[in-house]
Amino acid sequence: MSTKDVYILAIESSCDDTSAAVLQNGKVLSNVVANQKIHEAYGGVVPELASRAHQQNIVPVVHQALTIANIDKKQLTAIAFTRGPGLMGSLLVGTSFAKSLSLGLNIPLIEVNHMQAHILAHFIEDEAQSIPKFPFLGMTISGGHTQIVLVKDHFDMEVIGETLDDAVGEAYDKSGKILGLTYPAGPIIDKLAREGNPKAFPFPKPKAPGLNFSFSGLKTAILYFVQKQVKENPNFIEENLVDICASIQYTIVNIIIDKLKKASKETGIKTIAIGGGVSANSAIRKALKDGEQKYGWTAHIPKFAYTTDNAAMIGIVGYLKYLQEDFVDASISASSRIKI
Ligand code: KG4
Ligand code: ZN
């Protein structure tokens, strides 16, 4: 351990994953994520249950992150935590924990915007990913957000397009619910889609102005389509599941790539970095890579561990803010709706 080394403990609790990570400068020493299985039975995240599960998980998860990193809490330089956006009851658990620990250890406290973190996850030093050059287009695709962000510098970001209704992850999860799949359905649809014909069932592409998105119409179109088919053939879903999934995935990927093409054309920026849970999607990752050949893009695709909610991405923002001495005091409170 060099005296100049910065050790950040990062805490993420914005939705239904309790996560803690330890970073040594820009590198991840540990990144522990406790998923909450309890929501599966309800087909979506139940805020009250999420908050309670965070309270149960936070101490063991932080303990495990420190143990894996082989760091004693006395060696920590600063604590970073997700301030928002997210579910209030969930955010409060991580925020309170981070505040008390920073007070107890008498070390700086750093607040992190969850959506900025999904983009800045690309700045984690890791062989499995590359660091984008400014300016670039950041695309955050998750269960709660769908945004195209013009990233001029680490903390100089501007949202230039976003969803007007459902997020892309919601489109996946709600489509999955219609098909009787468990929550979260995104990864299941992704897996099943690989076996199916993407052009089996053409779904309409919703029209949203400019660089914005709209996914609620797609969900309704899928619902009506499935209801109609099931009336004629009660086994329609089972018999066509892989083709339905492939068709949904094909439509969603086209919507995303079309908007990215438009954003790239309008801004003249060809460096694109995706982030958020849906950036784990195999078809989106492939389409983005293909964009390097087709449209001259430089595509930055995050390591899987840094796509869905995780504390490592909070830690890298913590480290970047630490270098700028951008600290907060214990009067800070969680904020469920903060913007990028
Ligand atoms: O970023 P995240 O972990 O949590 C939010 O901040 O929302 O994203 C979770 C979302 C869920 O909607 C989940 O279905 C989706 O990411 N997701 C996927 C895949 N893996 C996770 N969607 C499509 N394909 C995947 N492989
Ligand atoms: Zn997220």
# chains A, B, ... in the order shown; residues from 1 in each chain; ligands from 1
$ select_by_dssp --residues "stretch 73-298 of chain A" --states "strand (DSSP E)" --output "VMD selection string"
chain A and resid 78 to 84 109 to 113 136 to 141 146 to 153 156 to 162 271 to 275 298
$ residues_near_ligand --ligand "ligand 2" --cutoff "8 Å" --atoms "only C-alpha atoms and all ligand atoms" --output "PyMOL selection string"
chain A and resi 14-15+114-115+118+142-145+276-277+307-310
$ residues_around --residues "A:Ile178" --least-positions-apart "3" --cutoff "9 Å" --atoms "only C-alpha atoms" --output "list in words"
Asp173, Lys174, Ser175, Leu181, Lys219, Ile222, Leu223 and Val226 of chain A
$ write_last_selection --atoms "C-alpha atoms" --output "mmCIF file, in the first residue's frame"
data_model
loop_
_atom_site.group_PDB
_atom_site.id
_atom_site.type_symbol
_atom_site.label_atom_id
_atom_site.label_comp_id
_atom_site.auth_asym_id
_atom_site.auth_seq_id
_atom_site.Cartn_x
_atom_site.Cartn_y
_atom_site.Cartn_z
ATOM 1 C CA ASP A 173 -39.932 -6.767 -18.095
ATOM 2 C CA LYS A 174 -43.550 -5.917 -18.974
ATOM 3 C CA SER A 175 -43.381 -7.904 -22.215
ATOM 4 C CA LEU A 181 -41.899 -15.019 -17.635
ATOM 5 C CA LYS A 219 -45.896 -3.045 -24.733
ATOM 6 C CA ILE A 222 -47.412 -6.902 -27.800
ATOM 7 C CA LEU A 223 -50.254 -7.362 -25.301
ATOM 8 C CA VAL A 226 -50.628 -12.017 -27.800
#
$ residues_around --residues "A:Gln116" --least-positions-apart "5" --cutoff "10 Å" --atoms "only C-alpha atoms" --output "PDB file with N, CA, C and O atoms, in the first residue's frame"
ATOM      1  N   ALA A 121     -19.006   4.265 -15.283  1.00  0.00           N
ATOM      2  CA  ALA A 121     -18.499   2.894 -15.066  1.00  0.00           C
ATOM      3  C   ALA A 121     -17.421   2.565 -16.101  1.00  0.00           C
ATOM      4  O   ALA A 121     -16.545   1.736 -15.850  1.00  0.00           O
ATOM      5  N   GLY A 138     -23.277   8.979 -24.239  1.00  0.00           N
ATOM      6  CA  GLY A 138     -23.538   7.930 -23.260  1.00  0.00           C
ATOM      7  C   GLY A 138     -24.992   7.517 -23.397  1.00  0.00           C
ATOM      8  O   GLY A 138     -25.879   8.363 -23.506  1.00  0.00           O
ATOM      9  N   THR A 140     -27.813   5.426 -21.450  1.00  0.00           N
ATOM     10  CA  THR A 140     -28.156   4.670 -20.246  1.00  0.00           C
ATOM     11  C   THR A 140     -29.474   3.942 -20.478  1.00  0.00           C
ATOM     12  O   THR A 140     -30.494   4.564 -20.765  1.00  0.00           O
ATOM     13  N   VAL A 149     -27.069  10.733 -23.508  1.00  0.00           N
ATOM     14  CA  VAL A 149     -26.418  11.814 -22.773  1.00  0.00           C
ATOM     15  C   VAL A 149     -25.172  12.274 -23.524  1.00  0.00           C
ATOM     16  O   VAL A 149     -24.342  11.444 -23.914  1.00  0.00           O
ATOM     17  N   VAL A 151     -21.787  13.597 -23.236  1.00  0.00           N
ATOM     18  CA  VAL A 151     -20.820  13.643 -22.135  1.00  0.00           C
ATOM     19  C   VAL A 151     -19.600  14.439 -22.584  1.00  0.00           C
ATOM     20  O   VAL A 151     -18.810  13.970 -23.406  1.00  0.00           O
ATOM     21  N   HIS A 154     -16.139  14.395 -17.330  1.00  0.00           N
ATOM     22  CA  HIS A 154     -16.663  13.496 -16.292  1.00  0.00           C
ATOM     23  C   HIS A 154     -17.958  14.020 -15.669  1.00  0.00           C
ATOM     24  O   HIS A 154     -18.902  13.279 -15.471  1.00  0.00           O
ATOM     25  N   PHE A 155     -17.959  15.308 -15.342  1.00  0.00           N
ATOM     26  CA  PHE A 155     -19.127  15.854 -14.656  1.00  0.00           C
ATOM     27  C   PHE A 155     -19.800  16.972 -15.447  1.00  0.00           C
ATOM     28  O   PHE A 155     -20.460  17.833 -14.888  1.00  0.00           O
ATOM     29  N   ASP A 156     -19.619  16.925 -16.749  1.00  0.00           N
ATOM     30  CA  ASP A 156     -20.302  17.875 -17.636  1.00  0.00           C
ATOM     31  C   ASP A 156     -21.123  17.060 -18.630  1.00  0.00           C
ATOM     32  O   ASP A 156     -20.643  16.668 -19.689  1.00  0.00           O
ATOM     33  N   MET A 157     -22.349  16.759 -18.223  1.00  0.00           N
ATOM     34  CA  MET A 157     -23.217  15.892 -19.020  1.00  0.00           C
ATOM     35  C   MET A 157     -24.536  16.599 -19.309  1.00  0.00           C
ATOM     36  O   MET A 157     -25.046  17.332 -18.471  1.00  0.00           O
ATOM     37  N   GLY A 275     -24.549   1.952 -20.986  1.00  0.00           N
ATOM     38  CA  GLY A 275     -24.496   1.563 -19.582  1.00  0.00           C
ATOM     39  C   GLY A 275     -25.887   1.267 -19.056  1.00  0.00           C
ATOM     40  O   GLY A 275     -26.881   1.573 -19.718  1.00  0.00           O
ATOM     41  N   MET A 313     -19.342   0.951  -9.872  1.00  0.00           N
ATOM     42  CA  MET A 313     -19.558   2.177 -10.663  1.00  0.00           C
ATOM     43  C   MET A 313     -19.723   3.399  -9.747  1.00  0.00           C
ATOM     44  O   MET A 313     -19.360   4.514 -10.112  1.00  0.00           O
ATOM     45  N   ILE A 314     -20.253   3.171  -8.556  1.00  0.00           N
ATOM     46  CA  ILE A 314     -20.383   4.270  -7.582  1.00  0.00           C
ATOM     47  C   ILE A 314     -18.970   4.624  -7.088  1.00  0.00           C
ATOM     48  O   ILE A 314     -18.626   5.793  -6.898  1.00  0.00           O
ATOM     49  N   VAL A 317     -16.925   6.840  -9.549  1.00  0.00           N
ATOM     50  CA  VAL A 317     -17.354   8.247  -9.455  1.00  0.00           C
ATOM     51  C   VAL A 317     -16.810   8.834  -8.154  1.00  0.00           C
ATOM     52  O   VAL A 317     -16.322   9.971  -8.122  1.00  0.00           O
ATOM     53  N   LYS A 339     -31.417  14.732 -11.179  1.00  0.00           N
ATOM     54  CA  LYS A 339     -31.105  14.585 -12.607  1.00  0.00           C
ATOM     55  C   LYS A 339     -29.607  14.479 -12.810  1.00  0.00           C
ATOM     56  O   LYS A 339     -28.828  14.858 -11.941  1.00  0.00           O
ATOM     57  N   ILE A 340     -29.233  14.037 -13.988  1.00  0.00           N
ATOM     58  CA  ILE A 340     -27.816  13.939 -14.356  1.00  0.00           C
ATOM     59  C   ILE A 340     -27.176  15.306 -14.307  1.00  0.00           C
ATOM     60  O   ILE A 340     -27.792  16.284 -14.718  1.00  0.00           O
TER      61      ILE A 340
END
$ closest_residue --among "A:Ser96, A:Asn281, A:Asn235, A:Asn197" --to "ligand 1" --atoms "only C-alpha atoms and all ligand atoms"
A:Asn281
$ residues_around --residues "A:Ile248" --least-positions-apart "6" --cutoff "9 Å" --atoms "only C-alpha atoms" --output "JSON, numbers by chain"
{"A": [172, 175, 189, 193, 198, 201, 202, 203, 218, 222]}
$ write_last_selection --atoms "N, CA, C and O atoms" --output "PDB file, in the first residue's frame"
ATOM      1  N   TYR A 172     -38.896  -4.578 -21.618  1.00  0.00           N
ATOM      2  CA  TYR A 172     -38.524  -5.996 -21.536  1.00  0.00           C
ATOM      3  C   TYR A 172     -39.316  -6.701 -20.440  1.00  0.00           C
ATOM      4  O   TYR A 172     -39.885  -7.769 -20.647  1.00  0.00           O
ATOM      5  N   SER A 175     -43.123  -6.927 -21.152  1.00  0.00           N
ATOM      6  CA  SER A 175     -43.381  -7.904 -22.215  1.00  0.00           C
ATOM      7  C   SER A 175     -43.247  -9.305 -21.645  1.00  0.00           C
ATOM      8  O   SER A 175     -44.036 -10.195 -21.959  1.00  0.00           O
ATOM      9  N   ILE A 189     -35.652 -13.015 -21.838  1.00  0.00           N
ATOM     10  CA  ILE A 189     -36.018 -12.743 -23.237  1.00  0.00           C
ATOM     11  C   ILE A 189     -34.768 -12.762 -24.107  1.00  0.00           C
ATOM     12  O   ILE A 189     -34.747 -13.340 -25.195  1.00  0.00           O
ATOM     13  N   ALA A 193     -34.409 -15.287 -27.099  1.00  0.00           N
ATOM     14  CA  ALA A 193     -34.386 -14.636 -28.424  1.00  0.00           C
ATOM     15  C   ALA A 193     -33.296 -15.220 -29.317  1.00  0.00           C
ATOM     16  O   ALA A 193     -33.445 -15.253 -30.550  1.00  0.00           O
ATOM     17  N   PRO A 198     -36.068 -13.381 -35.528  1.00  0.00           N
ATOM     18  CA  PRO A 198     -36.377 -11.991 -35.165  1.00  0.00           C
ATOM     19  C   PRO A 198     -37.428 -11.332 -36.064  1.00  0.00           C
ATOM     20  O   PRO A 198     -38.011 -10.325 -35.696  1.00  0.00           O
ATOM     21  N   PHE A 201     -42.577 -12.008 -36.077  1.00  0.00           N
ATOM     22  CA  PHE A 201     -43.741 -11.162 -35.790  1.00  0.00           C
ATOM     23  C   PHE A 201     -43.318  -9.695 -35.800  1.00  0.00           C
ATOM     24  O   PHE A 201     -42.668  -9.232 -34.867  1.00  0.00           O
ATOM     25  N   PRO A 202     -43.677  -8.974 -36.859  1.00  0.00           N
ATOM     26  CA  PRO A 202     -43.259  -7.565 -36.894  1.00  0.00           C
ATOM     27  C   PRO A 202     -44.084  -6.705 -35.934  1.00  0.00           C
ATOM     28  O   PRO A 202     -45.299  -6.631 -36.061  1.00  0.00           O
ATOM     29  N   PHE A 203     -43.409  -6.110 -34.944  1.00  0.00           N
ATOM     30  CA  PHE A 203     -44.087  -5.195 -34.019  1.00  0.00           C
ATOM     31  C   PHE A 203     -43.823  -3.761 -34.465  1.00  0.00           C
ATOM     32  O   PHE A 203     -42.757  -3.469 -35.007  1.00  0.00           O
ATOM     33  N   LEU A 218     -45.353   0.011 -27.556  1.00  0.00           N
ATOM     34  CA  LEU A 218     -44.832  -1.304 -27.949  1.00  0.00           C
ATOM     35  C   LEU A 218     -45.392  -2.388 -27.021  1.00  0.00           C
ATOM     36  O   LEU A 218     -45.859  -3.438 -27.468  1.00  0.00           O
ATOM     37  N   ILE A 222     -47.757  -5.501 -28.095  1.00  0.00           N
ATOM     38  CA  ILE A 222     -47.412  -6.902 -27.800  1.00  0.00           C
ATOM     39  C   ILE A 222     -48.569  -7.572 -27.048  1.00  0.00           C
ATOM     40  O   ILE A 222     -48.961  -8.691 -27.357  1.00  0.00           O
TER      41      ILE A 222
END
$ residues_around --residues "A:Asn212" --least-positions-apart "2" --cutoff "9 Å" --atoms "only C-alpha atoms" --output "ChimeraX atom specification"
/A:146-148,160-164,208-210,214,259
$ write_last_selection --atoms "N, CA and C atoms" --output "PDB file, in the first residue's frame"
ATOM      1  N   THR A 146     -34.000   5.552 -19.694  1.00  0.00           N
ATOM      2  CA  THR A 146     -33.529   5.401 -21.070  1.00  0.00           C
ATOM      3  C   THR A 146     -33.139   6.799 -21.513  1.00  0.00           C
ATOM      4  N   GLN A 147     -31.843   7.028 -21.603  1.00  0.00           N
ATOM      5  CA  GLN A 147     -31.381   8.388 -21.917  1.00  0.00           C
ATOM      6  C   GLN A 147     -30.221   8.349 -22.893  1.00  0.00           C
ATOM      7  N   ILE A 148     -30.165   9.376 -23.741  1.00  0.00           N
ATOM      8  CA  ILE A 148     -28.938   9.610 -24.518  1.00  0.00           C
ATOM      9  C   ILE A 148     -28.318  10.866 -23.909  1.00  0.00           C
ATOM     10  N   ILE A 160     -29.757  14.590 -23.923  1.00  0.00           N
ATOM     11  CA  ILE A 160     -30.269  15.122 -25.198  1.00  0.00           C
ATOM     12  C   ILE A 160     -31.445  14.303 -25.725  1.00  0.00           C
ATOM     13  N   GLY A 161     -31.750  13.218 -25.040  1.00  0.00           N
ATOM     14  CA  GLY A 161     -32.923  12.424 -25.412  1.00  0.00           C
ATOM     15  C   GLY A 161     -33.272  11.495 -24.280  1.00  0.00           C
ATOM     16  N   GLU A 162     -34.577  11.256 -24.091  1.00  0.00           N
ATOM     17  CA  GLU A 162     -34.960  10.314 -23.019  1.00  0.00           C
ATOM     18  C   GLU A 162     -36.353   9.766 -23.268  1.00  0.00           C
ATOM     19  N   THR A 163     -36.705   8.757 -22.493  1.00  0.00           N
ATOM     20  CA  THR A 163     -38.017   8.164 -22.722  1.00  0.00           C
ATOM     21  C   THR A 163     -39.121   9.064 -22.198  1.00  0.00           C
ATOM     22  N   LEU A 164     -40.219   9.069 -22.931  1.00  0.00           N
ATOM     23  CA  LEU A 164     -41.364   9.884 -22.540  1.00  0.00           C
ATOM     24  C   LEU A 164     -42.318   9.068 -21.664  1.00  0.00           C
ATOM     25  N   ALA A 208     -41.421   8.616 -31.518  1.00  0.00           N
ATOM     26  CA  ALA A 208     -41.199   9.623 -30.473  1.00  0.00           C
ATOM     27  C   ALA A 208     -40.378  10.735 -31.108  1.00  0.00           C
ATOM     28  N   PRO A 209     -40.697  11.991 -30.767  1.00  0.00           N
ATOM     29  CA  PRO A 209     -40.022  13.108 -31.427  1.00  0.00           C
ATOM     30  C   PRO A 209     -38.532  13.196 -31.076  1.00  0.00           C
ATOM     31  N   GLY A 210     -37.752  13.708 -32.042  1.00  0.00           N
ATOM     32  CA  GLY A 210     -36.335  13.994 -31.807  1.00  0.00           C
ATOM     33  C   GLY A 210     -35.560  12.782 -31.342  1.00  0.00           C
ATOM     34  N   SER A 214     -40.198   6.195 -26.780  1.00  0.00           N
ATOM     35  CA  SER A 214     -41.486   5.834 -26.188  1.00  0.00           C
ATOM     36  C   SER A 214     -41.621   4.320 -26.297  1.00  0.00           C
ATOM     37  N   LYS A 259     -32.081   5.625 -32.898  1.00  0.00           N
ATOM     38  CA  LYS A 259     -31.924   6.893 -32.169  1.00  0.00           C
ATOM     39  C   LYS A 259     -30.447   7.227 -31.983  1.00  0.00           C
TER      40      LYS A 259
END
$ select_by_dssp --residues "stretch 37-202 of chain A" --states "helix (DSSP H, G or I)" --output "number ranges by chain"
A: 37-42, 47-69, 73-75, 88-105, 114-123, 168-178, 186-193
$ residues_around --residues "stretch 324-326 of chain A" --least-positions-apart "4" --cutoff "9 Å" --atoms "only C-alpha atoms" --output "PyMOL selection string"
chain A and resi 108-111+318-320
$ write_last_selection --atoms "N, CA and C atoms" --output "mmCIF file, in the first residue's frame"
data_model
loop_
_atom_site.group_PDB
_atom_site.id
_atom_site.type_symbol
_atom_site.label_atom_id
_atom_site.label_comp_id
_atom_site.auth_asym_id
_atom_site.auth_seq_id
_atom_site.Cartn_x
_atom_site.Cartn_y
_atom_site.Cartn_z
ATOM 1 N N PRO A 108 -13.821 11.574 4.486
ATOM 2 C CA PRO A 108 -14.767 12.283 3.625
ATOM 3 C C PRO A 108 -15.904 11.407 3.084
ATOM 4 N N LEU A 109 -17.023 12.087 2.844
ATOM 5 C CA LEU A 109 -18.241 11.455 2.318
ATOM 6 C C LEU A 109 -18.484 12.033 0.918
ATOM 7 N N ILE A 110 -18.807 11.160 -0.038
ATOM 8 C CA ILE A 110 -18.976 11.612 -1.434
ATOM 9 C C ILE A 110 -20.321 11.124 -1.948
ATOM 10 N N GLU A 111 -21.145 12.042 -2.454
ATOM 11 C CA GLU A 111 -22.443 11.640 -2.995
ATOM 12 C C GLU A 111 -22.309 11.351 -4.482
ATOM 13 N N GLY A 318 -16.851 8.031 -7.101
ATOM 14 C CA GLY A 318 -16.295 8.465 -5.810
ATOM 15 C C GLY A 318 -14.832 8.837 -5.961
ATOM 16 N N TYR A 319 -14.096 8.013 -6.670
ATOM 17 C CA TYR A 319 -12.664 8.278 -6.852
ATOM 18 C C TYR A 319 -12.439 9.569 -7.661
ATOM 19 N N LEU A 320 -13.198 9.718 -8.747
ATOM 20 C CA LEU A 320 -13.047 10.927 -9.580
ATOM 21 C C LEU A 320 -13.408 12.180 -8.784
#
